[in-house]
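S.K.: Have a look at the structure that comes next, please.
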Amino acid sequence: MNAISVKNLTYEYEENIKAIDNISFDIPVGSFVSIIGKNGSGKSTLAKLLDGLLIAKSGEIKIFDLILNNKNIKAIRNKIGIVFQNPDNQFISTTVEDDIAFGLENRNIDSNKMQEIVIDFAKKVNMDKYLNKEPSNLSGGQKQRVAIAGVLALNCDIIILDEATSMLDPKGKEEIRQLIVKMKQENPSLTILSITHDIEEAYLSDYIIILENGKIIKQGKHKDIFSNLDELKKLGFETPFFITVKQELLKHGYDFSDCENINDLVEKLCQLM
Amino acid sequence: MPIDVKDLHYIYFKKTPFHADALNGVNFHIDNNKFVAFIGATGSGKSTIIQHLNGLLIPTSGEVKVDDFILTSNKRKNKSISKLRKHVGVVFQFPEYQLFEETVEDDVAFGPKNFKVGKEEALLKAHQALLSVGLDESYFKRSPFELSGGEKRRVAIAGILAIEPDILVLDEPTAGLDSRGCEYIMSLLKKMHDDNKTIILVSHDMDLVNKYCDYVYVVDEGKIVNQGSPKDVFVSQDLKGDLEIPKIYYFCRLLKEKGIDLDINSINNLDDLMNQIIERIKK
Amino acid sequence: MNSISFGRYVNYDSFVHKLDARSKILFLICLMIMIFMPFSVWSTSLIFSLIYFVLLIVLMIMSHCSFLSFLKGILSMWFLFLFLIIIFIFVPNPNMSSVLLYQFSDNYAIYWDGVYQAGYIFLRLILMMSLTLILTATTKPLDLTYALEWYMTPLKIINFPVHTIAMMISIALRFIPTFLDEAQRIMKAQASRGVDFSRGGLFKKMKAVISLIIPLFISAFEKSQQLSDAMEARGYDPNSKRSKYRKLKFHLKDLFSAIFVFTLVGFIMYLSIAHGNIDVIDFVFGVKVGF
């Protein structure tokens, strides 16, 4: 079954300037998909279309078996959680705990049960020590973790990360990447759609869609995309360091293609030396 | 213009319940035409340091000396701040948020005009600055607000360049840009550096720092805890966990943890690293 | 934000901090009424004012408010005092019949009574403001908002959008520090481009302000757009029923404080209404002081 299914989607900002140009793709339930593209490729527009914050000119978006339209939008919002780019502008309440609770309040969850849920999800993103802290005392990475907790607490089936790490420092980026991996392990049926220009982040996902000028120029499974580095380079993407090292070694005749991560690779290299 | 900073202390919200020591005795000296970087975790005090260089912040104690401009805690002595700002241009993080004029050229000309340059000449300087950041005539009359993020940032940087400072200070100039945008900005700075300007950078992107800078200061808890050439710093310093080091050196470290010691001093890029590894395997 | 003055919320764990915001608002109103209860004998008024000040200082110590910044706050109100003096002393008042201060001419004179009245009003204003500032220094802005929302709940009957207004206030409270930071950052960025916000002619100053205001507005619009997207994405709908995470709770502390405050206020009100012309010094010491 598909969690998200997009057919012939087109969106124009102004007459004849297509931000999204007739794209179609399917995202099966429980998969982790990255949509990558450079600044201005249309990827943020796509995220807003998927959550109904923008309305497409033509084409169809289906979330599970619901077609995205005005009638279904509430039901669909209950299934999708979005984490946006700017950590500050999505921190709605004045403290961490209030912000995690914001969505729960909207769902009219019983006040007495809420505290338990809030603490539970604050723990999941490792922010339980900061419950009464205000956003001005938090780092960008911490604010994004709070946003993720707020979304997770709503028990969504789909999580969209709309460039959630692009404004963070390296530490913040790493925190969020690890959190995504953990999220996926804890709930395999969760569908994650990550929209990003960070190739290290896309590397975590199992399916990649490459967007340019509003069109899909390439899509494929993790292995297919990352086995052809020259093509990725041609499209203007830096390649993940770990893959580059593997490929360099392959050029010298050493095949490490079965290594899954950098620690693996180092381990195997050490055995050879 | 050499920069001399001596025993610089800065306290935010002095004598209030929100009192916070930002800098605790910072000393450094930067010579002409250097390309240096301040690195450190968020909140370590890097940004506070660079805001002293053009008098946006006044030292709580200690002294900042740029050429013969001296800033101290004694406010009466700091008369020439406006002159200082002509020589030290500071570009803030996400500078695209400072644009406000109707056209790109007007916005860039705003700086020179403030420093009492005539209208015509200011526009001329603006055009030069815009061309030097790679924005041609077709951009001059456009509204800055309809440009893309990367272009806006270049306009904002041009806005400082048009003042023709001798020292260019930038806080995270590549934040939020994709890899293509990052490389563009950095190559631009390299060009300025070749043009005899001093470039001072605050950055989190260690790969870029490693590639472009010739001297690095590591800031932690309001103090400079290490300094040297990028390689010296990345190799010698046991950097705190939240500071990323360039990926090739990170790889060396992983190998070192497993007992494989490479000759790090002769590794400057990925090829060097690969050659050493291959050599070791062949042995 | 370089000027943090008396009245800004500071996080301590004091008795006053822990009181429920609703009771604090109620106490504030009661205490204000108490302060303004009139006594006709001036020495009595003065004595009660002194008592109120002692109570105020005790309250300030209890709530960790800095006495120094309190004094600074009062000193910065000198112009108000001057204003009051001018109004009460120099504006002729036909009812003034007490001791003459200075005779300017045959039909214009000033009286001690005016000084006394100016001082009376000034003392009370200081007391009132200090109490209000203690409230804001010891209560989270958000809790204050919730408390006000609670007091306004009856207005829901006439379809007054109580919840929407409370939400607006709480979002404003959340973003005020962000905007101040933003304004400071833009000011610094423009200062780096040679703008001098303090000097220059009118035209220069206007240009300086424009260079601050426009970017600030643009960023505010962008922020509000993104914020509303984020709220919408998390299912916010002002018209549907929402539950509340933060429950205001009355504790035993509130009860004890209420008993204390009501007794005090009740006693003073009784004195003022039933024995408004009491002369405390005469009553206690049997001595008459006065002009």
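Residue numbering restarts at 1 for every chain of the structure tokens, chains are lettered A, B, ... in their displayed order, and ligands are numbered from 1 as they appear.
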Using only C-alpha atoms and a cut-off of 10 Å, which residues of chain C sit close to chain A? Please list them as a PyMOL selection string.

M.R.: chain C and resi 140-142+167+170-175+177-178+181+222-238+240-247

S.K.: Using only C-alpha atoms, select each residue of chain B with any atom at most 7 Å away from an atom of chain A, and give the selection as a ChimeraX atom specification.

M.R.: /B:175-176,178-179,204,242,244,254-255,280-281

S.K.: Would you kindly return, as a list of chain:residue names, each protein, DNA or RNA residue with an atom no farther than 9 Å from any atom of Gly42 (chain A), considering only C-alpha atoms and excluding same-chain residues fewer than 3 positions away?

M.R.: A:Lys18, A:Ala19, A:Ile20, A:Gly37, A:Lys38, A:Asn39, A:Thr45, A:Leu46, A:Ala47, A:Leu211, A:Glu212, A:Asn213, A:Gly214, A:Lys215

S.K.: Quick one: write out the picked residues with C-alpha atoms as a PDB file, in the first residue's frame?

M.R.:
```
ATOM      1  CA  LYS A  18       6.130  26.050 -12.931  1.00  0.00           C
ATOM      2  CA  ALA A  19       7.549  25.340  -9.494  1.00  0.00           C
ATOM      3  CA  ILE A  20       6.359  21.765  -9.820  1.00  0.00           C
ATOM      4  CA  GLY A  37      17.403  18.971  -5.060  1.00  0.00           C
ATOM      5  CA  LYS A  38      19.303  22.204  -4.960  1.00  0.00           C
ATOM      6  CA  ASN A  39      17.983  25.541  -3.734  1.00  0.00           C
ATOM      7  CA  THR A  45       6.846  23.741  -2.739  1.00  0.00           C
ATOM      8  CA  LEU A  46       6.308  20.003  -2.977  1.00  0.00           C
ATOM      9  CA  ALA A  47       6.309  19.654   0.812  1.00  0.00           C
ATOM     10  CA  LEU A 211      14.295  17.029  -8.315  1.00  0.00           C
ATOM     11  CA  GLU A 212      15.470  19.776 -10.624  1.00  0.00           C
ATOM     12  CA  ASN A 213      13.501  22.724 -11.948  1.00  0.00           C
ATOM     13  CA  GLY A 214      10.290  21.170 -10.689  1.00  0.00           C
ATOM     14  CA  LYS A 215      10.841  17.888 -12.504  1.00  0.00           C
TER      15      LYS A 215
END
```

S.K.: When you get a sec, could you note down which chain B residues fall within 9 Å of chain C, using only C-alpha atoms, as a PyMOL selection string?

M.R.: chain B and resi 12-14+16-18+51+54-56+82-83+85-86+88-92+95+97-101+110-115+159-160+163

S.K.: Can you pull out the residues contacting Lys247 (chain B)? Cut-off 8 Å, using only C-alpha atoms, and skip same-chain residues under 2 positions away; I want them as a list in words.

M.R.: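 The contact residues come out as Phe241 of chain A; Asp207, Ile245, Tyr249, Tyr250 and Phe251 of chain B.
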
S.K.: Using DSSP on the backbone, list every residue of region 17-82 of chain A that comes out as helix (DSSP H, G or I), and give them as a PyMOL selection string.

M.R.: chain A and resi 43-50+73-77

S.K.: Please report the interatomic distance between CA of Gln178 (chain A) and CA of Lys246 (chain A) in Å with one decimal.

M.R.: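 The value is 22.4 Å.
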
S.K.: Give me, as a list in words, all polymer residues having an atom no more than 12 Å from Glu149 (chain C), counting only C-alpha atoms and skipping those fewer than 2 positions away in the same chain.

M.R.: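 In the requested format, the answer is Ala21, Arg22, Ile25, Leu142, Asp143, Leu144, Thr145, Tyr146, Ala147, Tyr151, Met152, Thr153, Pro154, Leu155, Lys156, Phe160, Pro161, Val162, His163, Thr164, Ile165, Ala166, Met167, Met168, Ile169, Ser170 and Leu248 of chain C.
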
S.K.: Given only C-alpha atoms as the basis, pick out the residue of B:Asp107, B:Cys182, B:Asn27, B:Gly45 nearest to Val219 (chain B).

M.R.: B:Gly45

S.K.: Would you return as a PyMOL selection string the members of region 141-176 of chain B that DSSP assigns to strand (DSSP E or B) on this structure's backbone?

M.R.: chain B and resi 167-171

S.K.: Provide the CA of Met77 (chain C) to CA of Met129 (chain C) distance in Å, to one decimal place.

M.R.: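 Between CA of Met77 (chain C) and CA of Met129 (chain C) the gap works out to 10.9 Å.
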
S.K.: Mind pulling up the distance from CA of Glu60 (chain A) to CA of Ser34 (chain A)?

M.R.: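 Computed distance, CA of Ser34 (chain A) to CA of Glu60 (chain A), equals 20.1 Å.
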
S.K.: Show me, as a PyMOL selection string, the residues that have an atom within 6 Å of region 109-117 of chain C when counting only C-alpha atoms, minus same-chain residues fewer than 4 positions from it.

M.R.: chain C and resi 88-89+99-104

S.K.: If we count only C-alpha atoms and set the cut-off at 9 Å, which residues sit around Lys253 (chain C), ignoring sequence neighbours fewer than 5 positions away in its own chain? Please answer as a list in words.

M.R.: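 So, after excluding close chain neighbours, the residues are Phe15, Lys18, Leu19, Asp20 and Ala258 of chain C.
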
S.K.: Could you write those residues out with N, CA, C and O atoms, as an mmCIF file, in the first residue's frame?

M.R.:
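File produced: out-v5.cif:
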```cif
data_model
loop_
_atom_site.group_PDB
_atom_site.id
_atom_site.type_symbol
_atom_site.label_atom_id
_atom_site.label_comp_id
_atom_site.auth_asym_id
_atom_site.auth_seq_id
_atom_site.Cartn_x
_atom_site.Cartn_y
_atom_site.Cartn_z
ATOM 1 N N PHE C 15 7.906 31.714 47.324
ATOM 2 C CA PHE C 15 6.511 31.550 47.699
ATOM 3 C C PHE C 15 5.606 32.332 46.747
ATOM 4 O O PHE C 15 4.606 31.811 46.258
ATOM 5 N N LYS C 18 5.244 30.829 43.358
ATOM 6 C CA LYS C 18 4.463 29.592 43.285
ATOM 7 C C LYS C 18 2.964 29.811 43.397
ATOM 8 O O LYS C 18 2.190 28.892 43.140
ATOM 9 N N LEU C 19 2.556 31.009 43.815
ATOM 10 C CA LEU C 19 1.121 31.264 43.916
ATOM 11 C C LEU C 19 0.468 31.179 42.538
ATOM 12 O O LEU C 19 1.101 31.455 41.517
ATOM 13 N N ASP C 20 -0.785 30.821 42.515
ATOM 14 C CA ASP C 20 -1.517 30.760 41.257
ATOM 15 C C ASP C 20 -1.678 32.175 40.681
ATOM 16 O O ASP C 20 -1.939 33.129 41.414
ATOM 17 N N ALA C 258 -4.839 34.168 50.648
ATOM 18 C CA ALA C 258 -6.126 34.846 50.484
ATOM 19 C C ALA C 258 -6.655 35.274 51.844
ATOM 20 O O ALA C 258 -7.103 36.412 52.014
#
```

S.K.: Go through A:Asn70, A:Ser31, A:Asn16, A:Thr10 and flag the residue nearest Ile208 (chain A), using only C-alpha atoms for the distances.

M.R.: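 Ranking A:Asn70, A:Ser31, A:Asn16, A:Thr10 by distance to Ile208 (chain A), first place goes to A:Ser31.
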